[in-house]
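Colleague: The structure under discussion is supplied below as structure tokens; questions concerning it will follow.
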Amino acid sequence: MTDTSTDTGHAQQESDVTSDPIAYARDLTKRFGEQIAVDDLTLSVPAGTIFGFIGPSGSGKTTTVRLLTGVQTPSDGPAVVLGREPPAFTDPERAQIGYM
């Protein structure tokens with residue numbers, strides 16, 4: 001970690017982690033008929049981070065996880081996890097993803 005100072009005198013930490021995200025989605029959308037479960041989600045999760053995805057019931061959390069693990073395919077928008085599109089994951093690749 002590199003320590004940089006801000007004009008307020010507080011130390012700010014810059015990560016030495018690669019700039020390539022481990023998970024990325026842009027305008028990710030999932031529709032079930034007329035119902036939109038995930039609507040234009042954009043996210044980028046840097047490698048080496050723990051990402052918490054919270055929200056109320058029915059907000060699309062489970063559907064998003066299913067899209068990012070390749071269990072479901074998006075209606076629109078790209079997603080890339082571990083350098084691959086999730087629907088193309090093999091079982092050993094999918095086993096590398098930890099989620100609860």
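All residue names refer to the structure tokens as shown: chains lettered A, B, ... in order, residues numbered from 1 in each chain, ligands numbered from 1 in order.
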Which of chain A counts as helix (DSSP H, G or I) under DSSP, as a list in words please?
Modeller: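 Those in chain A that DSSP calls helix (DSSP H, G or I) are Lys61, Thr62, Thr63, Thr64, Val65, Arg66, Leu67, Leu68, Pro86, Pro87, Ala88, Asp91, Pro92, Glu93 and Arg94 of chain A.
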Colleague: Write out as a ChimeraX atom specification each polymer residue whose atoms come within 8 Å of A:Thr29, counting only C-alpha atoms; drop sequence neighbours fewer than 2 positions from it.
Modeller: /A:27,31,36-41,74-77
Colleague: Would you return as an NGL selection string the members of chain A that DSSP assigns to strand (DSSP E) on this structure's backbone?
Modeller: :A and (2-5 or 11-14 or 21-32 or 35-46 or 79-81)
Colleague: Take the selection from the previous step and output its residues with N, CA, C and O atoms, as a short mmCIF file (atom, residue, chain, number, x, y, z; two decimals), in the first residue's frame.
Modeller:
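Result file is result35.cif:
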data_model
loop_
_atom_site.label_atom_id
_atom_site.label_comp_id
_atom_site.auth_asym_id
_atom_site.auth_seq_id
_atom_site.Cartn_x
_atom_site.Cartn_y
_atom_site.Cartn_z
N THR A 2 0.48 2.23 -0.74
CA THR A 2 1.19 3.49 -0.80
C THR A 2 0.41 4.52 0.00
O THR A 2 -0.78 4.65 -0.14
N ASP A 3 1.10 5.26 0.85
CA ASP A 3 0.46 6.27 1.68
C ASP A 3 0.61 7.63 1.01
O ASP A 3 1.71 8.05 0.68
N THR A 4 -0.51 8.29 0.77
CA THR A 4 -0.49 9.64 0.23
C THR A 4 -1.26 10.55 1.17
O THR A 4 -2.22 10.13 1.80
N SER A 5 -0.85 11.78 1.28
CA SER A 5 -1.53 12.73 2.16
C SER A 5 -2.44 13.62 1.35
O SER A 5 -2.14 13.99 0.22
N ALA A 11 -4.22 10.74 6.12
CA ALA A 11 -3.55 9.80 5.22
C ALA A 11 -4.60 9.06 4.40
O ALA A 11 -5.66 8.72 4.89
N GLN A 12 -4.30 8.83 3.16
CA GLN A 12 -5.19 8.12 2.26
C GLN A 12 -4.41 6.93 1.71
O GLN A 12 -3.25 7.06 1.36
N GLN A 13 -5.04 5.77 1.66
CA GLN A 13 -4.37 4.57 1.19
C GLN A 13 -4.70 4.33 -0.28
O GLN A 13 -5.85 4.38 -0.68
N GLU A 14 -3.66 4.09 -1.06
CA GLU A 14 -3.83 3.70 -2.45
C GLU A 14 -3.46 2.25 -2.57
O GLU A 14 -2.43 1.81 -2.08
N PRO A 21 -10.42 -5.04 -13.03
CA PRO A 21 -11.37 -5.53 -12.04
C PRO A 21 -11.51 -7.06 -12.13
O PRO A 21 -11.36 -7.64 -13.20
N ILE A 22 -11.81 -7.68 -11.02
CA ILE A 22 -12.05 -9.12 -10.98
C ILE A 22 -13.48 -9.42 -11.46
O ILE A 22 -13.75 -10.48 -11.99
N ALA A 23 -14.37 -8.45 -11.29
CA ALA A 23 -15.75 -8.56 -11.77
C ALA A 23 -16.15 -7.21 -12.33
O ALA A 23 -15.88 -6.16 -11.74
N TYR A 24 -16.79 -7.25 -13.48
CA TYR A 24 -17.17 -6.01 -14.18
C TYR A 24 -18.50 -6.23 -14.89
O TYR A 24 -18.72 -7.29 -15.48
N ALA A 25 -19.37 -5.26 -14.82
CA ALA A 25 -20.62 -5.28 -15.58
C ALA A 25 -20.94 -3.85 -16.00
O ALA A 25 -20.67 -2.91 -15.27
N ARG A 26 -21.49 -3.72 -17.20
CA ARG A 26 -21.88 -2.39 -17.69
C ARG A 26 -23.28 -2.48 -18.26
O ARG A 26 -23.55 -3.26 -19.17
N ASP A 27 -24.18 -1.69 -17.71
CA ASP A 27 -25.58 -1.64 -18.15
C ASP A 27 -26.21 -3.04 -18.17
O ASP A 27 -26.98 -3.38 -19.06
N LEU A 28 -25.88 -3.85 -17.16
CA LEU A 28 -26.38 -5.22 -17.07
C LEU A 28 -27.87 -5.19 -16.75
O LEU A 28 -28.32 -4.52 -15.83
N THR A 29 -28.64 -5.93 -17.55
CA THR A 29 -30.09 -5.97 -17.39
C THR A 29 -30.57 -7.40 -17.51
O THR A 29 -30.05 -8.17 -18.33
N LYS A 30 -31.54 -7.77 -16.67
CA LYS A 30 -32.18 -9.07 -16.77
C LYS A 30 -33.68 -8.87 -16.69
O LYS A 30 -34.20 -8.28 -15.75
N ARG A 31 -34.37 -9.35 -17.74
CA ARG A 31 -35.83 -9.27 -17.80
C ARG A 31 -36.41 -10.69 -17.74
O ARG A 31 -35.85 -11.61 -18.32
N PHE A 32 -37.52 -10.79 -17.06
CA PHE A 32 -38.33 -12.01 -17.07
C PHE A 32 -39.69 -11.59 -17.60
O PHE A 32 -40.53 -11.10 -16.85
N GLN A 35 -41.28 -8.16 -16.49
CA GLN A 35 -40.64 -7.76 -15.24
C GLN A 35 -39.13 -7.57 -15.43
O GLN A 35 -38.45 -8.42 -16.00
N ILE A 36 -38.61 -6.45 -14.94
CA ILE A 36 -37.18 -6.17 -14.97
C ILE A 36 -36.62 -6.46 -13.58
O ILE A 36 -36.97 -5.79 -12.62
N ALA A 37 -35.75 -7.47 -13.50
CA ALA A 37 -35.17 -7.86 -12.21
C ALA A 37 -33.89 -7.09 -11.91
O ALA A 37 -33.60 -6.77 -10.76
N VAL A 38 -33.09 -6.83 -12.94
CA VAL A 38 -31.87 -6.03 -12.83
C VAL A 38 -31.94 -5.01 -13.95
O VAL A 38 -32.14 -5.37 -15.11
N ASP A 39 -31.77 -3.74 -13.61
CA ASP A 39 -31.99 -2.66 -14.57
C ASP A 39 -30.75 -1.79 -14.74
O ASP A 39 -30.43 -0.96 -13.88
N ASP A 40 -30.00 -2.00 -15.82
CA ASP A 40 -28.84 -1.17 -16.18
C ASP A 40 -27.81 -1.06 -15.05
O ASP A 40 -27.30 0.03 -14.76
N LEU A 41 -27.45 -2.17 -14.44
CA LEU A 41 -26.46 -2.19 -13.37
C LEU A 41 -25.05 -2.07 -13.95
O LEU A 41 -24.68 -2.78 -14.87
N THR A 42 -24.28 -1.15 -13.41
CA THR A 42 -22.87 -1.01 -13.77
C THR A 42 -22.06 -1.14 -12.48
O THR A 42 -22.36 -0.47 -11.50
N LEU A 43 -21.07 -2.02 -12.48
CA LEU A 43 -20.21 -2.19 -11.33
C LEU A 43 -18.83 -2.66 -11.75
O LEU A 43 -18.66 -3.24 -12.82
N SER A 44 -17.86 -2.38 -10.91
CA SER A 44 -16.49 -2.80 -11.12
C SER A 44 -15.91 -3.14 -9.76
O SER A 44 -15.85 -2.29 -8.88
N VAL A 45 -15.52 -4.40 -9.57
CA VAL A 45 -14.99 -4.86 -8.29
C VAL A 45 -13.50 -5.14 -8.47
O VAL A 45 -13.12 -6.04 -9.22
N PRO A 46 -12.64 -4.35 -7.83
CA PRO A 46 -11.19 -4.56 -7.97
C PRO A 46 -10.76 -5.90 -7.37
O PRO A 46 -11.36 -6.39 -6.41
N ALA A 79 -20.99 -8.72 -18.93
CA ALA A 79 -20.43 -9.00 -17.62
C ALA A 79 -19.18 -9.83 -17.84
O ALA A 79 -19.16 -10.72 -18.69
N VAL A 80 -18.14 -9.53 -17.07
CA VAL A 80 -16.89 -10.28 -17.14
C VAL A 80 -16.44 -10.55 -15.71
O VAL A 80 -16.37 -9.62 -14.90
N VAL A 81 -16.18 -11.81 -15.40
CA VAL A 81 -15.71 -12.22 -14.08
C VAL A 81 -14.52 -13.14 -14.29
O VAL A 81 -14.60 -14.07 -15.11
#
Colleague: Give me the residues within 12 Å of A:Gly52 as a list in words, counting only C-alpha atoms and dropping any in the same chain fewer than 6 places off.
Modeller: Val45, Lys61, Val65, Tyr99 and Met100 of chain A
Colleague: So how far away is atom CA of A:Ser59 from atom CA of A:Leu82, in Å?
Modeller: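 Separating atom CA of A:Leu82 from atom CA of A:Ser59 is a distance of 24.8 Å.
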Colleague: When you look at A:Gln72 with a cut-off of 8 Å (counting only C-alpha atoms), what residues show up, excluding the ones that are within fewer than 3 positions of it in the same chain? I need them as a ChimeraX atom specification.
Modeller: /A:63,66-67,69,87
Colleague: Give me a file of those residues, with all heavy atoms, as a PDB file, in the first residue's frame.
Modeller:
ATOM      1  N   THR A  63     -30.538 -12.273  -8.441  1.00  0.00           N
ATOM      2  CA  THR A  63     -30.454 -12.331  -9.902  1.00  0.00           C
ATOM      3  C   THR A  63     -29.096 -11.841 -10.376  1.00  0.00           C
ATOM      4  O   THR A  63     -28.484 -12.434 -11.266  1.00  0.00           O
ATOM      5  CB  THR A  63     -31.584 -11.510 -10.549  1.00  0.00           C
ATOM      6  OG1 THR A  63     -32.844 -12.039 -10.100  1.00  0.00           O
ATOM      7  CG2 THR A  63     -31.515 -11.574 -12.065  1.00  0.00           C
ATOM      8  N   ARG A  66     -26.560 -14.491  -9.804  1.00  0.00           N
ATOM      9  CA  ARG A  66     -26.754 -15.548 -10.814  1.00  0.00           C
ATOM     10  C   ARG A  66     -26.192 -15.132 -12.168  1.00  0.00           C
ATOM     11  O   ARG A  66     -25.647 -15.946 -12.901  1.00  0.00           O
ATOM     12  CB  ARG A  66     -28.228 -15.904 -10.920  1.00  0.00           C
ATOM     13  CG  ARG A  66     -28.729 -16.653  -9.717  1.00  0.00           C
ATOM     14  CD  ARG A  66     -30.210 -16.924  -9.781  1.00  0.00           C
ATOM     15  NE  ARG A  66     -30.622 -17.714  -8.627  1.00  0.00           N
ATOM     16  CZ  ARG A  66     -31.862 -17.847  -8.231  1.00  0.00           C
ATOM     17  NH1 ARG A  66     -32.845 -17.250  -8.914  1.00  0.00           N
ATOM     18  NH2 ARG A  66     -32.151 -18.566  -7.177  1.00  0.00           N
ATOM     19  N   LEU A  67     -26.307 -13.858 -12.505  1.00  0.00           N
ATOM     20  CA  LEU A  67     -25.731 -13.358 -13.759  1.00  0.00           C
ATOM     21  C   LEU A  67     -24.208 -13.385 -13.708  1.00  0.00           C
ATOM     22  O   LEU A  67     -23.546 -13.744 -14.687  1.00  0.00           O
ATOM     23  CB  LEU A  67     -26.224 -11.939 -14.046  1.00  0.00           C
ATOM     24  CG  LEU A  67     -27.710 -11.789 -14.355  1.00  0.00           C
ATOM     25  CD1 LEU A  67     -28.105 -10.318 -14.349  1.00  0.00           C
ATOM     26  CD2 LEU A  67     -28.069 -12.435 -15.668  1.00  0.00           C
ATOM     27  N   THR A  69     -22.305 -15.308 -11.934  1.00  0.00           N
ATOM     28  CA  THR A  69     -21.766 -16.671 -11.826  1.00  0.00           C
ATOM     29  C   THR A  69     -22.118 -17.535 -13.030  1.00  0.00           C
ATOM     30  O   THR A  69     -21.712 -18.687 -13.095  1.00  0.00           O
ATOM     31  CB  THR A  69     -22.265 -17.357 -10.538  1.00  0.00           C
ATOM     32  OG1 THR A  69     -23.692 -17.373 -10.538  1.00  0.00           O
ATOM     33  CG2 THR A  69     -21.736 -16.661  -9.298  1.00  0.00           C
ATOM     34  N   PRO A  87     -21.436 -16.956 -18.657  1.00  0.00           N
ATOM     35  CA  PRO A  87     -22.066 -18.134 -19.260  1.00  0.00           C
ATOM     36  C   PRO A  87     -21.065 -19.137 -19.857  1.00  0.00           C
ATOM     37  O   PRO A  87     -21.395 -20.303 -20.047  1.00  0.00           O
ATOM     38  CB  PRO A  87     -22.956 -17.548 -20.360  1.00  0.00           C
ATOM     39  CG  PRO A  87     -23.256 -16.170 -19.897  1.00  0.00           C
ATOM     40  CD  PRO A  87     -21.986 -15.708 -19.206  1.00  0.00           C
TER      41      PRO A  87
END
